[in-house]
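The structure file protein.txt is reproduced below (compact mmCIF, C-alpha atoms).
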# COMPACT_ATOMS: atom_id res chain seq x y z
CA MET A 1 14.05 131.21 283.69
CA ALA A 2 13.69 134.31 285.82
CA GLY A 3 14.40 137.60 284.08
CA GLU A 4 14.35 136.10 280.60
CA HIS A 5 11.90 135.13 277.96
CA ALA A 6 12.29 133.85 274.46
CA ILE A 7 11.12 134.65 270.96
CA GLY A 8 11.44 131.41 269.03
CA GLU A 9 14.74 129.86 270.01
CA THR A 10 16.47 133.08 270.91
CA ARG A 11 16.84 134.71 274.31
CA VAL A 12 15.91 138.37 274.02
CA ASP A 13 18.01 139.85 276.76
CA GLU A 14 21.34 139.88 274.97
CA ARG A 15 20.48 141.44 271.65
CA LYS A 16 20.95 145.02 270.63
CA VAL A 17 20.13 147.17 267.60
CA VAL A 18 22.38 150.15 266.93
CA LEU A 19 21.30 153.02 264.73
CA SER A 20 23.39 156.00 263.68
CA ILE A 21 21.63 158.96 262.07
CA PRO A 22 22.32 162.64 261.50
CA ALA A 23 21.07 164.59 264.53
CA GLN A 24 18.41 166.32 262.47
CA PRO A 25 14.65 166.10 263.06
CA GLU A 26 13.92 164.82 259.56
CA PHE A 27 15.81 161.62 260.37
CA LEU A 28 13.78 160.84 263.47
CA ARG A 29 11.30 158.83 261.46
CA ILE A 30 13.99 156.16 261.15
CA ALA A 31 14.52 156.22 264.92
CA ARG A 32 10.76 155.95 265.56
CA LEU A 33 10.44 153.04 263.14
CA ALA A 34 13.39 151.23 264.72
CA ALA A 35 11.99 151.85 268.20
CA ALA A 36 8.59 150.58 267.11
CA ASP A 37 10.07 147.43 265.65
CA VAL A 38 12.21 146.69 268.69
CA GLY A 39 9.32 147.50 271.02
CA SER A 40 6.98 145.14 269.21
CA ARG A 41 9.62 142.39 269.28
CA CYS A 42 9.74 142.81 273.05
CA GLY A 43 6.00 142.27 273.31
CA LEU A 44 4.84 145.83 273.92
CA THR A 45 1.22 146.42 272.98
CA TYR A 46 0.36 148.59 270.01
CA GLU A 47 -0.29 151.55 272.30
CA GLU A 48 2.89 150.97 274.30
CA VAL A 49 4.83 150.98 271.04
CA ASP A 50 3.22 154.33 270.23
CA ASP A 51 4.28 155.57 273.69
CA LEU A 52 7.83 154.45 272.98
CA ARG A 53 7.81 156.39 269.72
CA ILE A 54 6.62 159.49 271.56
CA ALA A 55 9.46 159.10 274.07
CA VAL A 56 12.05 158.67 271.31
CA ASP A 57 10.76 161.83 269.66
CA GLU A 58 10.86 163.82 272.90
CA LEU A 59 14.35 162.79 273.97
CA CYS A 60 15.87 163.03 270.50
CA HIS A 61 14.44 166.53 270.11
CA ALA A 62 15.70 167.41 273.58
CA VAL A 63 19.32 166.64 272.61
CA MET A 64 18.94 168.67 269.41
CA VAL A 65 17.59 171.85 270.99
CA GLY A 66 19.88 174.73 270.27
CA SER A 67 22.06 172.82 267.81
CA GLU A 68 22.57 173.62 264.15
CA VAL A 69 20.03 171.06 262.99
CA SER A 70 19.62 172.63 259.58
CA ASP A 71 23.33 172.42 258.80
CA PRO A 72 24.31 168.85 257.85
CA MET A 73 27.95 169.62 258.57
CA ARG A 74 27.31 170.85 262.10
CA ALA A 75 24.22 168.90 263.14
CA GLY A 76 26.28 166.06 264.58
CA THR A 77 25.41 162.39 264.84
CA LEU A 78 22.86 160.64 266.97
CA GLU A 79 23.77 157.07 267.84
CA ILE A 80 20.94 155.10 269.36
CA HIS A 81 21.29 151.70 271.02
CA PHE A 82 18.10 149.69 271.40
CA SER A 83 18.42 146.82 273.88
CA LEU A 84 15.86 144.04 273.93
CA LEU A 85 15.31 143.33 277.61
CA ALA A 86 13.63 140.32 279.07
CA ASP A 87 10.75 142.54 280.15
CA GLY A 88 10.85 145.45 277.75
CA VAL A 89 13.17 147.72 275.88
CA ALA A 90 16.00 150.05 276.91
CA ILE A 91 17.16 152.85 274.65
CA GLU A 92 20.42 154.70 275.16
CA ALA A 93 21.73 157.39 272.87
CA THR A 94 24.63 159.73 272.41
CA CYS A 95 24.57 162.89 270.35
CA THR A 96 27.69 164.71 269.15
CA ASN A 97 26.19 168.07 268.25
CA GLU A 98 27.90 169.98 271.09
CA ALA A 99 24.55 171.42 272.18
CA THR A 100 23.35 171.46 275.76
CA PRO A 101 20.34 169.16 276.03
CA ARG A 102 17.22 170.71 277.50
CA LEU A 103 14.15 169.02 278.80
CA ASN A 104 11.37 171.40 279.64
CA GLU A 105 8.72 170.53 282.19
CA LEU A 106 6.22 169.63 279.54
CA SER A 107 8.59 167.07 278.00
CA ALA A 108 9.42 165.74 281.47
CA ALA A 109 5.72 165.19 282.19
CA ILE A 110 5.18 163.53 278.82
CA LEU A 111 8.14 161.21 279.35
CA ALA A 112 7.03 160.32 282.87
CA ALA A 113 3.70 159.22 281.40
CA VAL A 114 5.00 157.15 278.51
CA VAL A 115 8.14 155.37 279.76
CA ASP A 116 9.16 153.79 283.06
CA GLU A 117 12.57 155.44 283.34
CA HIS A 118 14.27 158.29 281.56
CA GLU A 119 17.29 160.49 282.07
CA ILE A 120 19.19 162.99 280.01
CA SER A 121 22.60 164.53 280.50
CA GLY A 122 25.02 166.47 278.42
CA GLY A 123 27.73 168.91 277.85
CA VAL A 124 30.59 166.52 278.70
CA GLY A 125 33.05 166.62 275.83
CA GLY A 126 30.37 167.95 273.53
CA VAL A 127 28.38 164.74 273.84
CA SER A 128 24.81 164.55 275.11
CA ARG A 129 23.27 161.33 276.34
CA PHE A 130 19.85 160.00 277.13
CA ARG A 131 18.48 156.74 278.35
CA MET A 132 14.98 155.35 278.72
CA VAL A 133 13.34 152.08 279.66
CA LYS A 134 9.85 150.89 278.82
CA ARG A 135 8.61 147.65 280.30
CA VAL A 136 5.96 145.25 279.10
CA ARG A 137 2.69 145.49 281.00
CA LEU A 138 0.81 142.55 279.53
CA PRO A 139 -0.93 140.44 282.17
CA MET B 140 -38.89 150.07 249.92
CA SER B 141 -40.30 146.85 248.53
CA ALA B 142 -42.09 144.40 250.75
CA GLY B 143 -39.33 141.88 250.06
CA ALA B 144 -36.58 144.27 251.13
CA GLY B 145 -38.56 145.18 254.24
CA ALA B 146 -38.87 141.54 255.13
CA GLY B 147 -35.14 141.22 254.64
CA PHE B 148 -34.51 143.91 257.25
CA VAL B 149 -36.94 142.29 259.69
CA ASP B 150 -35.14 138.99 259.23
CA TYR B 151 -31.77 140.63 259.65
CA ARG B 152 -32.82 142.28 262.90
CA THR B 153 -33.52 138.81 264.24
CA THR B 154 -30.83 136.66 262.68
CA ARG B 155 -27.92 139.07 262.13
CA ASP B 156 -27.02 136.74 259.29
CA ARG B 157 -23.95 138.08 257.51
CA GLU B 158 -25.03 136.76 254.11
CA LEU B 159 -28.38 138.50 254.44
CA ARG B 160 -26.62 141.70 255.51
CA ASN B 161 -24.40 141.59 252.44
CA GLN B 162 -27.46 141.00 250.28
CA LEU B 163 -29.19 144.05 251.79
CA ILE B 164 -26.07 146.12 251.15
CA GLU B 165 -25.95 144.99 247.54
CA GLU B 166 -29.65 145.81 247.09
CA HIS B 167 -29.04 149.41 248.23
CA ARG B 168 -25.65 149.94 246.71
CA GLY B 169 -27.20 152.25 244.12
CA LEU B 170 -28.11 154.68 246.91
CA SER B 171 -24.58 154.80 248.32
CA GLN B 172 -23.10 155.21 244.82
CA GLN B 173 -25.52 158.02 244.07
CA LEU B 174 -24.62 159.85 247.29
CA ALA B 175 -20.88 159.27 246.75
CA ARG B 176 -21.12 160.91 243.33
CA ARG B 177 -22.18 164.17 244.99
CA PHE B 178 -18.69 164.43 246.51
CA ARG B 179 -16.69 163.96 243.31
CA GLY B 180 -14.19 166.59 242.24
CA ARG B 181 -12.91 167.24 245.73
CA GLY B 182 -9.60 165.43 245.47
CA GLN B 183 -10.75 161.99 246.49
CA SER B 184 -10.97 159.04 244.13
CA SER B 185 -14.37 157.65 243.16
CA ASP B 186 -13.34 154.31 244.60
CA ASP B 187 -12.53 155.90 247.94
CA LEU B 188 -15.78 157.78 247.98
CA GLU B 189 -17.81 154.71 247.17
CA GLN B 190 -15.95 152.73 249.82
CA VAL B 191 -16.77 155.37 252.42
CA ALA B 192 -20.38 155.50 251.27
CA VAL B 193 -20.68 151.73 251.54
CA LEU B 194 -19.35 151.96 255.08
CA GLY B 195 -22.17 154.41 255.80
CA LEU B 196 -24.61 152.03 254.14
CA LEU B 197 -23.33 149.18 256.29
CA LYS B 198 -23.85 151.26 259.43
CA ALA B 199 -27.36 152.12 258.28
CA VAL B 200 -28.18 148.45 257.67
CA GLU B 201 -26.88 147.58 261.13
CA ARG B 202 -28.89 150.29 262.86
CA PHE B 203 -32.11 150.27 260.84
CA GLU B 204 -35.23 149.38 262.80
CA PRO B 205 -37.93 148.47 260.23
CA GLU B 206 -40.62 148.35 262.93
CA ARG B 207 -40.42 152.14 263.21
CA GLY B 208 -42.08 152.39 259.80
CA LEU B 209 -39.45 154.60 258.18
CA ALA B 210 -38.31 153.77 254.63
CA PHE B 211 -34.76 152.43 254.64
CA THR B 212 -33.57 155.02 252.11
CA THR B 213 -34.91 157.83 254.32
CA PHE B 214 -33.03 156.38 257.27
CA ALA B 215 -29.84 155.54 255.37
CA THR B 216 -29.32 158.78 253.43
CA PRO B 217 -28.23 160.98 256.36
CA THR B 218 -26.08 158.15 257.73
CA ILE B 219 -24.24 157.76 254.42
CA LEU B 220 -23.92 161.52 253.92
CA GLY B 221 -22.60 161.84 257.46
CA GLU B 222 -19.94 159.24 256.76
CA LEU B 223 -18.88 161.02 253.56
CA LYS B 224 -18.71 164.42 255.28
CA ARG B 225 -16.72 163.00 258.14
CA HIS B 226 -14.34 161.41 255.65
CA PHE B 227 -13.64 164.82 254.14
CA ARG B 228 -13.15 166.38 257.52
CA ASP B 229 -10.83 163.67 258.80
CA ALA B 230 -9.19 162.06 255.84
CA THR B 231 -6.71 164.40 254.30
CA TRP B 232 -3.14 163.33 253.94
CA SER B 233 -0.76 166.08 254.93
CA MET B 234 2.00 164.66 252.75
CA ARG B 235 2.07 162.24 249.90
CA VAL B 236 1.43 158.79 251.29
CA PRO B 237 1.04 155.84 248.91
CA ARG B 238 -2.50 154.64 248.50
CA ARG B 239 -1.58 151.16 249.77
CA LEU B 240 -0.28 152.68 252.99
CA GLN B 241 -3.38 154.86 253.36
CA GLU B 242 -5.48 151.71 253.15
CA HIS B 243 -3.30 150.02 255.73
CA VAL B 244 -3.73 152.94 258.14
CA LEU B 245 -7.49 152.71 257.75
CA ALA B 246 -7.53 148.92 258.14
CA VAL B 247 -5.31 149.00 261.24
CA SER B 248 -7.39 151.79 262.71
CA ASN B 249 -10.53 149.74 262.18
CA VAL B 250 -9.30 146.60 263.93
CA ILE B 251 -7.60 147.99 267.03
CA GLY B 252 -10.76 148.86 268.97
CA PRO B 253 -12.71 145.67 268.27
CA LEU B 254 -9.60 143.53 268.78
CA GLY B 255 -8.93 145.15 272.16
CA GLN B 256 -12.52 144.44 273.19
CA GLU B 257 -12.25 140.87 272.03
CA LEU B 258 -8.97 140.30 273.89
CA GLY B 259 -9.96 142.29 276.95
CA ARG B 260 -6.63 144.16 276.76
CA PRO B 261 -4.76 146.30 274.25
CA PRO B 262 -3.53 144.22 271.30
CA THR B 263 0.13 143.72 270.45
CA VAL B 264 1.51 144.64 267.05
CA ALA B 265 1.62 140.93 266.17
CA GLU B 266 -2.07 140.59 267.04
CA VAL B 267 -2.98 143.65 264.95
CA ALA B 268 -0.98 142.13 262.09
CA GLY B 269 -2.86 138.85 262.50
CA ALA B 270 -6.24 140.57 262.50
CA THR B 271 -5.53 142.68 259.41
CA GLY B 272 -3.63 140.05 257.48
CA PHE B 273 -0.69 142.47 257.12
CA SER B 274 2.90 141.81 258.10
CA GLN B 275 4.09 143.35 261.37
CA GLU B 276 6.31 145.61 259.29
CA SER B 277 3.26 146.91 257.43
CA VAL B 278 1.48 147.57 260.73
CA LEU B 279 4.49 149.57 261.97
CA GLU B 280 4.62 151.49 258.70
CA ALA B 281 0.94 152.27 259.10
CA MET B 282 1.61 153.51 262.63
CA GLU B 283 4.21 155.92 261.29
CA ALA B 284 2.11 156.93 258.28
CA ASN B 285 -0.73 157.71 260.66
CA ARG B 286 1.19 160.84 261.63
CA ALA B 287 0.86 162.14 258.09
CA TYR B 288 -2.88 161.76 258.19
CA SER B 289 -4.48 165.06 258.93
CA ALA B 290 -7.17 164.42 261.50
CA GLY B 291 -8.91 167.60 260.60
CA SER B 292 -7.23 170.88 261.34
CA LEU B 293 -6.13 171.26 264.92
CA ASP B 294 -7.92 174.56 264.85
CA ALA B 295 -11.08 173.24 263.29
CA PRO B 296 -14.14 173.18 265.46
CA THR B 297 -14.87 169.67 266.63
CA GLY B 298 -17.95 167.90 265.37
CA ASP B 299 -20.62 165.96 267.16
CA ARG B 300 -19.14 162.60 266.39
CA ASP B 301 -15.93 163.55 268.11
CA GLY B 302 -17.76 164.30 271.27
CA GLY B 303 -18.04 168.02 270.70
CA GLY B 304 -15.39 170.47 271.71
CA GLY B 305 -16.95 172.95 274.03
CA ASP B 306 -17.80 170.75 276.94
CA LEU B 307 -15.36 167.93 276.31
CA ALA B 308 -12.97 168.87 279.07
CA SER B 309 -15.69 169.19 281.65
CA ARG B 310 -17.36 165.98 280.57
CA LEU B 311 -14.11 164.08 280.83
CA GLY B 312 -13.11 165.69 284.10
CA GLU B 313 -10.05 167.36 282.66
CA GLU B 314 -6.90 166.86 284.71
CA ASP B 315 -5.06 169.82 286.14
CA PRO B 316 -1.38 169.83 285.16
CA GLY B 317 -0.73 171.59 288.47
CA HIS B 318 -1.14 168.23 290.16
CA ALA B 319 2.10 167.13 288.57
CA ASP B 320 3.97 169.41 290.97
CA VAL B 321 5.97 171.06 288.25
CA GLU B 322 8.25 173.93 288.87
CA HIS B 323 7.26 175.77 285.76
CA ARG B 324 3.52 175.38 285.86
CA ALA B 325 3.09 178.70 284.18
CA LEU B 326 5.16 177.61 281.21
CA VAL B 327 3.25 174.35 280.85
CA GLU B 328 -0.05 176.13 281.20
CA SER B 329 0.82 178.74 278.61
CA LEU B 330 1.97 176.04 276.20
CA LEU B 331 -1.19 174.02 276.65
CA GLU B 332 -3.32 177.10 276.18
CA ASP B 333 -2.00 177.22 272.65
CA LEU B 334 -3.90 174.04 271.79
CA PRO B 335 -7.55 173.85 270.78
CA GLU B 336 -9.75 172.68 273.63
CA ARG B 337 -10.22 169.11 272.46
CA GLU B 338 -6.51 168.53 271.90
CA ARG B 339 -5.69 170.19 275.23
CA ALA B 340 -8.08 167.84 277.01
CA ILE B 341 -6.60 164.81 275.25
CA VAL B 342 -3.02 165.84 276.10
CA ARG B 343 -3.91 166.43 279.73
CA LEU B 344 -5.79 163.16 280.09
CA ARG B 345 -2.99 161.17 278.51
CA PHE B 346 0.02 162.77 280.19
CA TRP B 347 -1.36 164.01 283.50
CA GLY B 348 -4.48 161.93 283.94
CA GLY B 349 -2.85 158.62 283.14
CA TRP B 350 -5.57 157.65 280.66
CA THR B 351 -4.55 155.33 277.82
CA GLN B 352 -5.17 156.31 274.22
CA SER B 353 -7.90 153.66 274.01
CA GLU B 354 -9.66 154.98 277.10
CA ILE B 355 -9.64 158.50 275.66
CA ALA B 356 -10.80 157.15 272.29
CA ASP B 357 -13.72 155.32 273.91
CA ALA B 358 -14.68 158.34 275.99
CA ILE B 359 -14.92 160.73 273.06
CA GLY B 360 -16.05 158.33 270.36
CA ILE B 361 -13.06 158.39 268.01
CA SER B 362 -10.54 155.70 267.13
CA GLN B 363 -7.34 155.06 269.08
CA MET B 364 -5.35 155.96 265.98
CA HIS B 365 -7.19 159.25 265.73
CA VAL B 366 -6.18 159.97 269.35
CA SER B 367 -2.61 158.97 268.45
CA ARG B 368 -2.62 161.40 265.51
CA LEU B 369 -4.00 164.22 267.61
CA LEU B 370 -1.40 163.58 270.30
CA ALA B 371 1.49 163.46 267.81
CA ARG B 372 0.38 166.66 266.13
CA SER B 373 -0.27 168.39 269.43
CA LEU B 374 3.16 167.43 270.76
CA GLU B 375 4.80 168.71 267.59
CA ARG B 376 2.96 171.98 267.98
CA LEU B 377 3.87 172.22 271.68
CA ARG B 378 7.50 171.45 270.90
CA VAL B 379 7.77 174.25 268.36
CA ARG B 380 6.15 176.63 270.80
CA ALA B 381 8.36 175.50 273.71
CA GLU B 382 11.50 175.97 271.64
CA ALA B 383 10.37 179.44 270.67
CA GLU B 384 9.73 180.27 274.33
CA ALA B 385 13.15 178.89 275.30
CA GLU B 386 14.78 181.08 272.67
CA ALA B 387 12.92 184.06 274.05
CA GLY B 388 14.10 183.65 277.63
CA PRO B 389 14.64 181.41 280.64
CA GLY B 390 12.01 178.96 281.73
CA VAL B 391 13.62 175.65 281.07
CA LYS B 392 16.10 173.79 283.09
Before anything else, please render the file you have as structure tokens.
Amino acid sequence: MAGEHAIGETRVDERKVVLSIPAQPEFLRIARLAAADVGSRCGLTYEEVDDLRIAVDELCHAVMVGSEVSDPMRAGTLEIHFSLLADGVAIEATCTNEATPRLNELSAAILAAVVDEHEISGGVGGVSRFRMVKRVRLP
Amino acid sequence: MSAGAGAGFVDYRTTRDRELRNQLIEEHRGLSQQLARRFRGRGQSSDDLEQVAVLGLLKAVERFEPERGLAFTTFATPTILGELKRHFRDATWSMRVPRRLQEHVLAVSNVIGPLGQELGRPPTVAEVAGATGFSQESVLEAMEANRAYSAGSLDAPTGDRDGGGGDLASRLGEEDPGHADVEHRALVESLLEDLPERERAIVRLRFWGGWTQSEIADAIGISQMHVSRLLARSLERLRVRAEAEAEAGPGVK
């Protein structure tokens, strides 16, 4: 069926993994591992999974810049939604650390190279958001 | 080298028989053990050292050309020593990583290149798991643990096996980040300048040149996972520097 594929008996375009972690860099390992697992379930190659991990790192760090990451009480929470698409993975996140997300040009270039889509926004109600999509490239 | 052993190498050159190869390795295991012992007391287990030395021995067996008239031990000694030295340069864990996981990182690293060649495309995680006999979860753990594996100091001069450092950029046709049409080229340039030349070339090729990790790995003669490590460490270093610059003044949007 167009726009869908299956792993075993299950369609992959309706499932989602949600992860909530303190918005502190030392917790990003969990986010990278979750991204890697979801990416591999979607059929990304080993290198594409590594790209996805790089993107998760970049965007998660971008929403933490300028926040009180060393203070557990003020660091805020990062909630990450991993969606298994028919042709890849979409990751959307919100961060409640009341910081203004910043993406410098270096990060923008890195993200452009490793994922198909990305965007970041913030400041509204003290919540920052980002979104990215990485699609499967297998022949 | 005995006449029998010499005949074994001649046969192996022709047949590439795996059983014969293993027999040749066993016959010369004493040499690899002897060389491994020289590196004891430097924080690596004897088992690890002997494993690395055997890998060097295996390479020597594969490459030895008996018709050149050189004794095998003369040929194999620098190969084995080279493997041991490289191990010490590359294989230092920057944080405590369980031995089992260290072995997984090594095993995964060893299969990715050959598997990609066999498949004619980059392997998936499931395929890497199949080739190593690990679960997919173990492969993903190894991918994460790879970050904790110090691929030699970022500031260390690069060795011959890694393609050299000095002319790497020119040999690879280093990409100019200016082509990316970025508003803050100066910022990007100054950040990249903070990296050693090899890492700078790798970062540029990957993120501005559009090279894959495997393509970079092939070009400079290191593994894809080594490229991955260097990229992860370089990005961490760039991030710290970028945040410091942002604190210091404008330059980000």
Practice task
Pick out the chain B residues within 6 Å of chain A. Count all atoms listed in the file. Give them as JSON, numbers by chain.
Solution key: {"B": [262, 263, 264, 327, 346, 391]}
Exercise for the section: Grab the atom CA of Ser121 of chain A to atom CA of Leu331 of chain B distance for me, in Å with one decimal place. Expected result: 25.9 Å
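Proximity ranking of B:Gly208, B:Gly348, B:Gly360, B:Pro261 relative to Arg137 of chain A places B:Pro261 first, based on all atoms listed in the file.
Using all atoms listed in the file, the contacts of Val115 of chain A at a cut-off of 8 Å, with sequence neighbours closer than 5 positions omitted, comprise A:Asp51, A:Leu52, A:Ala55, A:Met132, A:Val133, A:Lys134, A:Arg135.
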